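Source file: work20.cif. Holds: mmCIF, C-alpha atoms.
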data_upload
loop_
_atom_site.group_PDB
_atom_site.id
_atom_site.type_symbol
_atom_site.label_atom_id
_atom_site.label_comp_id
_atom_site.auth_asym_id
_atom_site.auth_seq_id
_atom_site.Cartn_x
_atom_site.Cartn_y
_atom_site.Cartn_z
ATOM 1 C CA MET A 1 9.841 65.852 -96.097
ATOM 2 C CA SER A 2 10.063 64.124 -92.759
ATOM 3 C CA PHE A 3 11.730 60.870 -91.830
ATOM 4 C CA PHE A 4 11.440 58.142 -89.278
ATOM 5 C CA ARG A 5 14.604 57.813 -87.231
ATOM 6 C CA ILE A 6 14.570 54.145 -86.282
ATOM 7 C CA THR A 7 16.898 52.701 -83.655
ATOM 8 C CA LEU A 8 17.140 48.967 -83.069
ATOM 9 C CA HIS A 9 16.757 48.793 -79.300
ATOM 10 C CA ARG A 10 16.169 45.091 -78.677
ATOM 11 C CA SER A 11 17.909 42.272 -80.479
ATOM 12 C CA ALA A 12 15.872 39.872 -82.609
ATOM 13 C CA ILE A 13 17.815 36.790 -81.510
ATOM 14 C CA GLY A 14 15.466 33.822 -81.299
ATOM 15 C CA LEU A 15 12.562 35.606 -82.946
ATOM 16 C CA PRO A 16 10.814 34.289 -86.068
ATOM 17 C CA LYS A 17 12.492 34.557 -89.460
ATOM 18 C CA ARG A 18 9.763 36.918 -90.646
ATOM 19 C CA THR A 19 10.608 39.393 -87.896
ATOM 20 C CA ARG A 20 14.319 39.229 -88.610
ATOM 21 C CA GLY A 21 13.534 39.641 -92.299
ATOM 22 C CA VAL A 22 11.611 42.856 -91.585
ATOM 23 C CA LEU A 23 14.580 44.219 -89.645
ATOM 24 C CA ALA A 24 16.916 43.307 -92.492
ATOM 25 C CA ALA A 25 14.568 45.034 -94.933
ATOM 26 C CA LEU A 26 14.682 48.159 -92.776
ATOM 27 C CA GLY A 27 18.480 47.913 -92.853
ATOM 28 C CA LEU A 28 18.883 47.127 -89.169
ATOM 29 C CA HIS A 29 21.538 44.536 -88.435
ATOM 30 C CA LYS A 30 22.842 45.236 -84.971
ATOM 31 C CA ARG A 31 21.573 46.793 -81.775
ATOM 32 C CA ALA A 32 21.706 50.581 -81.352
ATOM 33 C CA GLN A 33 22.008 50.974 -85.116
ATOM 34 C CA VAL A 34 20.144 53.978 -86.515
ATOM 35 C CA VAL A 35 18.463 54.142 -89.930
ATOM 36 C CA PHE A 36 16.272 56.768 -91.564
ATOM 37 C CA HIS A 37 13.265 56.087 -93.763
ATOM 38 C CA PRO A 38 10.754 58.550 -95.219
ATOM 39 C CA VAL A 39 7.374 58.885 -93.532
ATOM 40 C CA GLU A 40 5.277 56.619 -95.724
ATOM 41 C CA ALA A 41 2.672 53.983 -95.013
ATOM 42 C CA GLN A 42 5.030 51.369 -96.441
ATOM 43 C CA PHE A 43 7.715 52.018 -93.833
ATOM 44 C CA ALA A 44 5.198 52.580 -91.050
ATOM 45 C CA GLY A 45 3.857 49.092 -91.758
ATOM 46 C CA MET A 46 7.324 47.627 -91.466
ATOM 47 C CA ILE A 47 7.898 49.440 -88.183
ATOM 48 C CA MET A 48 4.559 48.117 -86.895
ATOM 49 C CA LYS A 49 5.868 44.591 -87.424
ATOM 50 C CA VAL A 50 8.868 45.208 -85.177
ATOM 51 C CA LYS A 51 7.434 47.834 -82.835
ATOM 52 C CA GLU A 52 8.560 45.926 -79.734
ATOM 53 C CA LEU A 53 12.188 46.045 -80.863
ATOM 54 C CA VAL A 54 12.701 49.600 -82.090
ATOM 55 C CA GLN A 55 12.564 53.188 -80.926
ATOM 56 C CA VAL A 56 11.100 55.600 -83.464
ATOM 57 C CA GLU A 57 11.237 59.381 -83.765
ATOM 58 C CA GLU A 58 9.981 61.661 -86.496
ATOM 59 C CA VAL A 59 12.723 63.976 -87.745
ATOM 60 C CA ASP A 60 12.916 66.638 -90.445
ATOM 61 C CA ARG A 61 15.805 65.231 -92.412
ATOM 62 C CA ALA A 62 17.790 62.043 -92.717
ATOM 63 C CA LEU A 63 21.233 62.281 -91.185
ATOM 64 C CA THR A 64 24.186 60.648 -92.867
ATOM 65 C CA LYS A 65 26.057 57.850 -91.157
ATOM 66 C CA ARG A 66 28.846 60.304 -90.340
ATOM 67 C CA GLU A 67 26.439 62.768 -88.698
ATOM 68 C CA VAL A 68 24.912 60.038 -86.570
ATOM 69 C CA HIS A 69 28.415 59.020 -85.525
ATOM 70 C CA ALA A 70 29.267 62.638 -84.656
ATOM 71 C CA GLN A 71 26.179 62.869 -82.419
ATOM 72 C CA ARG A 72 27.486 59.959 -80.395
ATOM 73 C CA GLN A 73 30.909 61.493 -79.775
ATOM 74 C CA PRO A 74 31.459 63.245 -76.450
ATOM 75 C CA GLU A 75 32.395 66.944 -76.462
ATOM 76 C CA LYS A 76 36.081 67.649 -76.965
ATOM 77 C CA GLY A 77 38.206 69.090 -74.157
ATOM 78 C CA PHE A 78 37.755 68.649 -70.456
ATOM 79 C CA PHE A 79 36.574 70.436 -67.357
ATOM 80 C CA VAL A 80 38.715 71.089 -64.298
ATOM 81 C CA GLU A 81 36.272 71.002 -61.444
ATOM 82 C CA ARG A 82 38.659 72.382 -58.837
ATOM 83 C CA ALA A 83 42.109 73.967 -59.198
ATOM 84 C CA VAL A 84 44.741 71.867 -57.485
ATOM 85 C CA PRO A 85 48.238 73.032 -56.395
ATOM 86 C CA ARG A 86 50.953 72.082 -58.876
ATOM 87 C CA MET A 87 54.691 71.592 -58.460
ATOM 88 C CA GLY A 88 55.700 74.849 -60.155
ATOM 89 C CA ASP A 89 53.396 76.970 -58.019
ATOM 90 C CA VAL A 90 55.890 77.695 -55.216
ATOM 91 C CA GLY A 91 56.580 81.332 -56.135
ATOM 92 C CA VAL A 92 53.100 82.344 -57.240
ATOM 93 C CA GLY A 93 51.248 80.680 -54.435
ATOM 94 C CA VAL A 94 48.358 78.347 -54.911
ATOM 95 C CA LEU A 95 45.766 80.772 -53.690
ATOM 96 C CA GLY A 96 46.942 83.424 -56.125
ATOM 97 C CA ARG A 97 46.574 81.081 -59.103
ATOM 98 C CA VAL A 98 43.185 79.862 -57.979
ATOM 99 C CA ALA A 99 42.075 83.456 -57.544
ATOM 100 C CA ALA A 100 43.318 84.249 -61.054
ATOM 101 C CA LEU A 101 41.350 81.337 -62.455
ATOM 102 C CA GLN A 102 38.273 82.450 -60.615
ATOM 103 C CA GLY A 103 38.767 85.978 -61.981
ATOM 104 C CA GLN A 104 38.764 84.582 -65.537
ATOM 105 C CA GLY A 105 35.821 82.351 -65.005
ATOM 106 C CA GLN A 106 33.570 85.017 -63.413
ATOM 107 C CA GLY A 107 30.207 83.397 -62.798
ATOM 108 C CA GLN A 108 31.334 79.913 -63.668
ATOM 109 C CA ALA A 109 34.037 79.859 -61.014
ATOM 110 C CA GLN A 110 31.431 80.418 -58.347
ATOM 111 C CA GLU A 111 29.986 77.034 -59.172
ATOM 112 C CA GLY A 112 33.395 75.474 -58.863
ATOM 113 C CA GLU A 113 33.822 74.769 -62.554
ATOM 114 C CA VAL A 114 36.497 76.395 -64.709
ATOM 115 C CA ARG A 115 36.611 75.753 -68.430
ATOM 116 C CA LEU A 116 40.224 75.647 -69.625
ATOM 117 C CA MET B 1 16.605 12.992 -45.788
ATOM 118 C CA PHE B 2 18.758 15.813 -44.446
ATOM 119 C CA GLY B 3 22.296 17.051 -45.022
ATOM 120 C CA PRO B 4 24.302 17.807 -48.154
ATOM 121 C CA PHE B 5 23.340 14.601 -50.043
ATOM 122 C CA ARG B 6 19.610 14.778 -49.633
ATOM 123 C CA ILE B 7 17.562 13.836 -52.670
ATOM 124 C CA THR B 8 16.173 16.988 -54.192
ATOM 125 C CA ASN B 9 15.045 17.592 -57.737
ATOM 126 C CA PRO B 10 18.098 19.646 -58.793
ATOM 127 C CA LEU B 11 20.518 17.158 -57.210
ATOM 128 C CA SER B 12 19.011 13.988 -58.607
ATOM 129 C CA GLY B 13 17.852 15.203 -61.982
ATOM 130 C CA GLY B 14 20.581 17.584 -63.047
ATOM 131 C CA LEU B 15 19.353 20.692 -64.799
ATOM 132 C CA LEU B 16 16.146 22.035 -63.364
ATOM 133 C CA TRP B 17 15.022 25.548 -64.059
ATOM 134 C CA LYS B 18 12.202 27.023 -62.143
ATOM 135 C CA ILE B 19 10.220 30.061 -63.162
ATOM 136 C CA PRO B 20 8.579 31.745 -60.161
ATOM 137 C CA TRP B 21 4.809 31.703 -60.380
ATOM 138 C CA ARG B 22 4.460 35.471 -60.127
ATOM 139 C CA MET B 23 6.541 38.423 -61.254
ATOM 140 C CA SER B 24 8.591 40.563 -58.894
ATOM 141 C CA ALA B 25 7.903 44.286 -58.499
ATOM 142 C CA PRO B 26 10.897 45.362 -60.654
ATOM 143 C CA GLN B 27 9.879 42.869 -63.349
ATOM 144 C CA LYS B 28 6.420 44.423 -63.387
ATOM 145 C CA TYR B 29 7.962 47.892 -63.517
ATOM 146 C CA ARG B 30 10.069 46.981 -66.540
ATOM 147 C CA GLN B 31 7.053 45.347 -68.175
ATOM 148 C CA ARG B 32 5.157 48.651 -67.847
ATOM 149 C CA GLN B 33 8.091 50.530 -69.381
ATOM 150 C CA ARG B 34 8.085 48.144 -72.339
ATOM 151 C CA LEU B 35 4.336 48.520 -72.823
ATOM 152 C CA ARG B 36 4.759 52.304 -72.806
ATOM 153 C CA ALA B 37 7.622 52.113 -75.298
ATOM 154 C CA VAL B 38 5.375 50.240 -77.736
ATOM 155 C CA ASP B 39 2.580 52.782 -77.156
ATOM 156 C CA LYS B 40 5.039 55.555 -77.949
ATOM 157 C CA VAL B 41 6.110 53.934 -81.224
ATOM 158 C CA VAL B 42 2.475 53.491 -82.289
ATOM 159 C CA GLU B 43 1.694 57.108 -81.406
ATOM 160 C CA THR B 44 4.721 58.418 -83.315
ATOM 161 C CA LEU B 45 3.680 56.434 -86.392
ATOM 162 C CA SER B 46 0.078 57.578 -86.253
ATOM 163 C CA THR B 47 0.886 61.279 -85.767
ATOM 164 C CA ALA B 48 3.515 61.186 -88.520
ATOM 165 C CA LEU B 49 1.125 59.531 -90.973
ATOM 166 C CA ALA B 50 -1.779 61.767 -89.940
ATOM 167 C CA LYS B 51 0.296 64.821 -90.861
ATOM 168 C CA LYS B 52 0.661 63.428 -94.371
ATOM 169 C CA GLY B 53 -2.992 62.386 -94.471
ATOM 170 C CA GLU B 54 -2.139 58.715 -94.922
ATOM 171 C CA THR B 55 -3.661 55.778 -93.098
ATOM 172 C CA LEU B 56 -2.423 52.289 -92.366
ATOM 173 C CA LYS B 57 -4.665 49.310 -91.797
ATOM 174 C CA SER B 58 -2.443 47.555 -89.267
ATOM 175 C CA LEU B 59 -2.069 50.789 -87.313
ATOM 176 C CA GLU B 60 -5.834 51.405 -87.222
ATOM 177 C CA LEU B 61 -6.484 47.826 -86.157
ATOM 178 C CA TRP B 62 -3.957 48.111 -83.348
ATOM 179 C CA LYS B 63 -5.415 51.386 -82.119
ATOM 180 C CA ASN B 64 -8.954 49.980 -82.191
ATOM 181 C CA ASP B 65 -8.220 46.653 -80.543
ATOM 182 C CA MET B 66 -5.318 47.199 -78.192
ATOM 183 C CA PRO B 67 -5.570 49.156 -74.952
ATOM 184 C CA THR B 68 -2.700 51.450 -74.023
ATOM 185 C CA GLU B 69 -0.640 50.820 -70.922
ATOM 186 C CA ALA B 70 -2.706 53.299 -68.922
ATOM 187 C CA GLU B 71 -5.990 51.690 -70.025
ATOM 188 C CA MET B 72 -4.927 48.140 -69.210
ATOM 189 C CA LEU B 73 -5.907 46.368 -66.043
ATOM 190 C CA ALA B 74 -3.112 45.063 -63.829
ATOM 191 C CA LYS B 75 -4.533 41.593 -64.467
ATOM 192 C CA ASP B 76 -3.846 41.905 -68.178
ATOM 193 C CA LYS B 77 -0.449 43.574 -67.786
ATOM 194 C CA TYR B 78 1.102 40.833 -65.684
ATOM 195 C CA THR B 79 -0.940 37.701 -66.366
ATOM 196 C CA MET B 80 -2.442 36.019 -69.387
ATOM 197 C CA PHE B 81 -5.117 33.472 -70.181
ATOM 198 C CA ASP B 82 -4.137 29.821 -69.993
ATOM 199 C CA ARG B 83 -6.780 27.121 -70.364
ATOM 200 C CA LYS B 84 -4.699 24.611 -68.381
ATOM 201 C CA ALA B 85 -3.913 26.835 -65.403
ATOM 202 C CA LYS B 86 -5.905 26.991 -62.225
ATOM 203 C CA ARG B 87 -8.363 29.881 -62.506
ATOM 204 C CA TYR B 88 -7.310 30.208 -66.174
ATOM 205 C CA ARG B 89 -4.438 32.606 -65.571
ATOM 206 C CA LYS B 90 -0.676 32.340 -65.615
ATOM 207 C CA GLY B 91 2.084 34.908 -65.256
ATOM 208 C CA ILE B 92 2.924 36.664 -68.511
ATOM 209 C CA HIS B 93 6.601 35.907 -67.833
ATOM 210 C CA LYS B 94 5.890 32.277 -68.733
ATOM 211 C CA LEU B 95 5.193 33.310 -72.321
ATOM 212 C CA PRO B 96 8.212 32.521 -74.537
ATOM 213 C CA LYS B 97 10.117 35.714 -75.514
ATOM 214 C CA TRP B 98 7.695 37.645 -73.346
ATOM 215 C CA THR B 99 9.809 40.803 -73.243
ATOM 216 C CA ARG B 100 9.758 41.132 -77.017
ATOM 217 C CA VAL B 101 6.213 40.158 -77.974
ATOM 218 C CA SER B 102 2.927 41.950 -77.434
ATOM 219 C CA GLN B 103 0.330 40.148 -75.351
ATOM 220 C CA ARG B 104 -2.320 42.624 -74.279
ATOM 221 C CA VAL B 105 -5.799 41.190 -74.704
ATOM 222 C CA ASN B 106 -7.321 38.040 -73.277
ATOM 223 C CA PRO B 107 -10.550 36.157 -73.993
ATOM 224 C CA PRO B 108 -13.553 38.109 -72.681
ATOM 225 C CA GLY B 109 -14.738 36.814 -69.339
ATOM 226 C CA PHE B 110 -11.394 35.282 -68.362
#
Give the structure from the file, written as structure tokens.
Amino acid sequence: MSFFRITLHRSAIGLPKRTRGVLAALGLHKRAQVVFHPVEAQFAGMIMKVKELVQVEEVDRALTKREVHAQRQPEKGFFVERAVPRMGDVGVGVLGRVAALQGQGQGQAQEGEVRL
Amino acid sequence: MFGPFRITNPLSGGLLWKIPWRMSAPQKYRQRQRLRAVDKVVETLSTALAKKGETLKSLELWKNDMPTEAEMLAKDKYTMFDRKAKRYRKGIHKLPKWTRVSQRVNPPGF
């Protein structure tokens, strides 16, 4: 069973009550909100009424609110784009540490990106 | 006549908003993007329903009557019929809520 993934892209401020009613019936209350509805003529008709305001995709299953939220989160962790000398590096030598990092990273280090 | 206290419409009348008579190039660009976005929604709906073998009257009517962005003439993308305007055309940006309503077809011959 497939679903429409409907995102409210444009606000309905100042539009007729009927239009805002259709959005409310779809469960859309604020911009960038995502709702899922099964692929049926009934829901397609409602989307047709507000087609200027929404973005629609066909997806295989309806995600829960939590899953949609998770999709919006950035990846955890961070990238160090270039190794920088630190205060404790006096004995080891900056170049030595950078070389060690590059040794770990193999191919990645060539592009100047080391995942820590 | 001249100088900072000259009588102009905004100075003597207070609030005066002017809408330029034609759209700028970026306005036209964004208008095309919006037209395409609507086309995309309609296409998604029709393919999804076609897979299930269902039809929808409003969808069929739209597909029969409304040209897609690529099929539209520049005249119809950026201007619309107005019986009061000179040469019966005015910029589509004069239509209230023009970025959120569909206005694609005009009377034949105009």
What are the nearest atom pairs, with distances in Å to one decimal, for all residues of chain B that come at most 12 Å from region 44-47 of chain A, using all atoms listed in the file, set out by chain and rising residue number as a Markdown table?
| residue | atom | partner | partner_atom | distance |
| --- | --- | --- | --- | --- |
| B:Val38 | CA | A:Ile47 | CA | 10.8 |
| B:Val41 | CA | A:Ile47 | CA | 8.5 |
| B:Val42 | CA | A:Ile47 | CA | 9.0 |
| B:Glu43 | CA | A:Ala44 | CA | 11.2 |
| B:Thr44 | CA | A:Ala44 | CA | 9.7 |
| B:Leu45 | CA | A:Ala44 | CA | 6.2 |
| B:Ser46 | CA | A:Ala44 | CA | 8.6 |
| B:Thr47 | CA | A:Ala44 | CA | 11.1 |
| B:Ala48 | CA | A:Ala44 | CA | 9.1 |
| B:Leu49 | CA | A:Ala44 | CA | 8.1 |
| B:Ala50 | CA | A:Ala44 | CA | 11.6 |
| B:Glu54 | CA | A:Ala44 | CA | 10.3 |
| B:Thr55 | CA | A:Ala44 | CA | 9.6 |
| B:Leu56 | CA | A:Gly45 | CA | 7.1 |
| B:Lys57 | CA | A:Gly45 | CA | 8.5 |
| B:Ser58 | CA | A:Gly45 | CA | 6.9 |
| B:Leu59 | CA | A:Gly45 | CA | 7.6 |
| B:Glu60 | CA | A:Gly45 | CA | 10.9 |
| B:Leu61 | CA | A:Gly45 | CA | 11.8 |
| B:Trp62 | CA | A:Gly45 | CA | 11.5 |
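Reported to one decimal place, the separation of CA of Leu53 (chain A) from CA of Arg10 (chain A) is 4.6 Å.
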Within 7 Å of chain B: each chain A residue with its shortest pair, all atoms listed in the file, as a Markdown table:
| residue | atom | partner | partner_atom | distance |
| --- | --- | --- | --- | --- |
| A:Val39 | CA | B:Ala48 | CA | 6.7 |
| A:Glu40 | CA | B:Leu49 | CA | 6.9 |
| A:Ala41 | CA | B:Leu56 | CA | 6.0 |
| A:Ala44 | CA | B:Leu45 | CA | 6.2 |
| A:Gly45 | CA | B:Ser58 | CA | 6.9 |
| A:Lys51 | CA | B:Val38 | CA | 6.0 |
| A:Glu52 | CA | B:Arg100 | CA | 5.6 |
| A:Leu53 | CA | B:Arg100 | CA | 6.7 |
| A:Gln55 | CA | B:Val41 | CA | 6.5 |
| A:Val56 | CA | B:Val41 | CA | 5.7 |
| A:Glu57 | CA | B:Thr44 | CA | 6.6 |
| A:Glu58 | CA | B:Ala48 | CA | 6.8 |
Just need the box for region 1-19 of chain A, edges along x, y and z, holding every atom the file lists for it with 5 Å tacked onto each side, so centre and edge lengths in Å to one decimal, as lines of an AutoDock Vina configuration file.
center_x = 13.8
center_y = 49.8
center_z = -87.4
size_x = 18.1
size_y = 42.0
size_z = 27.4
Would you work out the distance separating CA of Val105 (chain B) from CA of Arg36 (chain B), expressed in Å to one decimal? 15.4 Å
Gap from CA of Glu69 (chain B) to CA of Asp82 (chain B) - Å, one decimal: 21.3 Å
Which polymer residues, protein or nucleic acid, are no farther than 8 Å from (22.2, 39.2, -85.7), counting all atoms listed in the file, as JSON, numbers by chain? {"A": [11, 12, 13, 29, 30]}
Residues in the PyMOL selection byres ((chain A and resi 32) around 8), expressed as a ChimeraX atom specification: /A:7-9,30-31,33-34
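Each of A:Val35, A:Val22, A:Gly27, A:Glu81 was compared to Ile6 (chain A) using only C-alpha atoms, and A:Val35 turns out to be the nearest.
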Please supply region 60-79 of chain B, rebuilt with N, CA and C atoms, as a PDB file, in the coordinates of the input.
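Dumped to rebuild26.pdb:
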ATOM      1  N   GLU B  60      -4.455  51.155 -87.667  1.00  0.00           N
ATOM      2  CA  GLU B  60      -5.834  51.405 -87.222  1.00  0.00           C
ATOM      3  C   GLU B  60      -6.350  50.223 -86.405  1.00  0.00           C
ATOM      4  N   LEU B  61      -6.045  49.021 -86.876  1.00  0.00           N
ATOM      5  CA  LEU B  61      -6.484  47.826 -86.157  1.00  0.00           C
ATOM      6  C   LEU B  61      -5.903  47.808 -84.752  1.00  0.00           C
ATOM      7  N   TRP B  62      -4.614  48.104 -84.660  1.00  0.00           N
ATOM      8  CA  TRP B  62      -3.957  48.111 -83.348  1.00  0.00           C
ATOM      9  C   TRP B  62      -4.622  49.128 -82.439  1.00  0.00           C
ATOM     10  N   LYS B  63      -4.867  50.323 -82.972  1.00  0.00           N
ATOM     11  CA  LYS B  63      -5.415  51.386 -82.119  1.00  0.00           C
ATOM     12  C   LYS B  63      -6.847  51.063 -81.684  1.00  0.00           C
ATOM     13  N   ASN B  64      -7.583  50.354 -82.564  1.00  0.00           N
ATOM     14  CA  ASN B  64      -8.954  49.980 -82.191  1.00  0.00           C
ATOM     15  C   ASN B  64      -8.981  48.862 -81.152  1.00  0.00           C
ATOM     16  N   ASP B  65      -8.103  47.873 -81.342  1.00  0.00           N
ATOM     17  CA  ASP B  65      -8.220  46.653 -80.543  1.00  0.00           C
ATOM     18  C   ASP B  65      -7.423  46.691 -79.254  1.00  0.00           C
ATOM     19  N   MET B  66      -6.243  47.341 -79.304  1.00  0.00           N
ATOM     20  CA  MET B  66      -5.318  47.199 -78.192  1.00  0.00           C
ATOM     21  C   MET B  66      -5.436  48.367 -77.217  1.00  0.00           C
ATOM     22  N   PRO B  67      -5.576  48.085 -75.936  1.00  0.00           N
ATOM     23  CA  PRO B  67      -5.570  49.156 -74.952  1.00  0.00           C
ATOM     24  C   PRO B  67      -4.149  49.679 -74.748  1.00  0.00           C
ATOM     25  N   THR B  68      -4.038  50.935 -74.349  1.00  0.00           N
ATOM     26  CA  THR B  68      -2.700  51.450 -74.023  1.00  0.00           C
ATOM     27  C   THR B  68      -2.330  50.997 -72.617  1.00  0.00           C
ATOM     28  N   GLU B  69      -1.101  51.260 -72.239  1.00  0.00           N
ATOM     29  CA  GLU B  69      -0.640  50.820 -70.922  1.00  0.00           C
ATOM     30  C   GLU B  69      -1.529  51.373 -69.829  1.00  0.00           C
ATOM     31  N   ALA B  70      -1.897  52.660 -69.967  1.00  0.00           N
ATOM     32  CA  ALA B  70      -2.706  53.299 -68.922  1.00  0.00           C
ATOM     33  C   ALA B  70      -4.113  52.700 -68.853  1.00  0.00           C
ATOM     34  N   GLU B  71      -4.622  52.233 -70.000  1.00  0.00           N
ATOM     35  CA  GLU B  71      -5.990  51.690 -70.025  1.00  0.00           C
ATOM     36  C   GLU B  71      -6.062  50.242 -69.558  1.00  0.00           C
ATOM     37  N   MET B  72      -4.908  49.571 -69.533  1.00  0.00           N
ATOM     38  CA  MET B  72      -4.927  48.140 -69.210  1.00  0.00           C
ATOM     39  C   MET B  72      -5.144  47.902 -67.726  1.00  0.00           C
ATOM     40  N   LEU B  73      -5.779  46.792 -67.435  1.00  0.00           N
ATOM     41  CA  LEU B  73      -5.907  46.368 -66.043  1.00  0.00           C
ATOM     42  C   LEU B  73      -4.625  45.660 -65.628  1.00  0.00           C
ATOM     43  N   ALA B  74      -4.324  45.725 -64.333  1.00  0.00           N
ATOM     44  CA  ALA B  74      -3.112  45.063 -63.829  1.00  0.00           C
ATOM     45  C   ALA B  74      -3.141  43.584 -64.195  1.00  0.00           C
ATOM     46  N   LYS B  75      -4.344  43.007 -64.142  1.00  0.00           N
ATOM     47  CA  LYS B  75      -4.533  41.593 -64.467  1.00  0.00           C
ATOM     48  C   LYS B  75      -3.996  41.261 -65.860  1.00  0.00           C
ATOM     49  N   ASP B  76      -4.262  42.170 -66.807  1.00  0.00           N
ATOM     50  CA  ASP B  76      -3.846  41.905 -68.178  1.00  0.00           C
ATOM     51  C   ASP B  76      -2.389  42.278 -68.435  1.00  0.00           C
ATOM     52  N   LYS B  77      -1.846  43.190 -67.584  1.00  0.00           N
ATOM     53  CA  LYS B  77      -0.449  43.574 -67.786  1.00  0.00           C
ATOM     54  C   LYS B  77       0.484  42.452 -67.364  1.00  0.00           C
ATOM     55  N   TYR B  78       0.135  41.772 -66.277  1.00  0.00           N
ATOM     56  CA  TYR B  78       1.102  40.833 -65.684  1.00  0.00           C
ATOM     57  C   TYR B  78       0.698  39.373 -65.795  1.00  0.00           C
ATOM     58  N   THR B  79      -0.540  39.096 -66.195  1.00  0.00           N
ATOM     59  CA  THR B  79      -0.940  37.701 -66.366  1.00  0.00           C
ATOM     60  C   THR B  79      -1.641  37.539 -67.700  1.00  0.00           C
TER      61      THR B  79
END
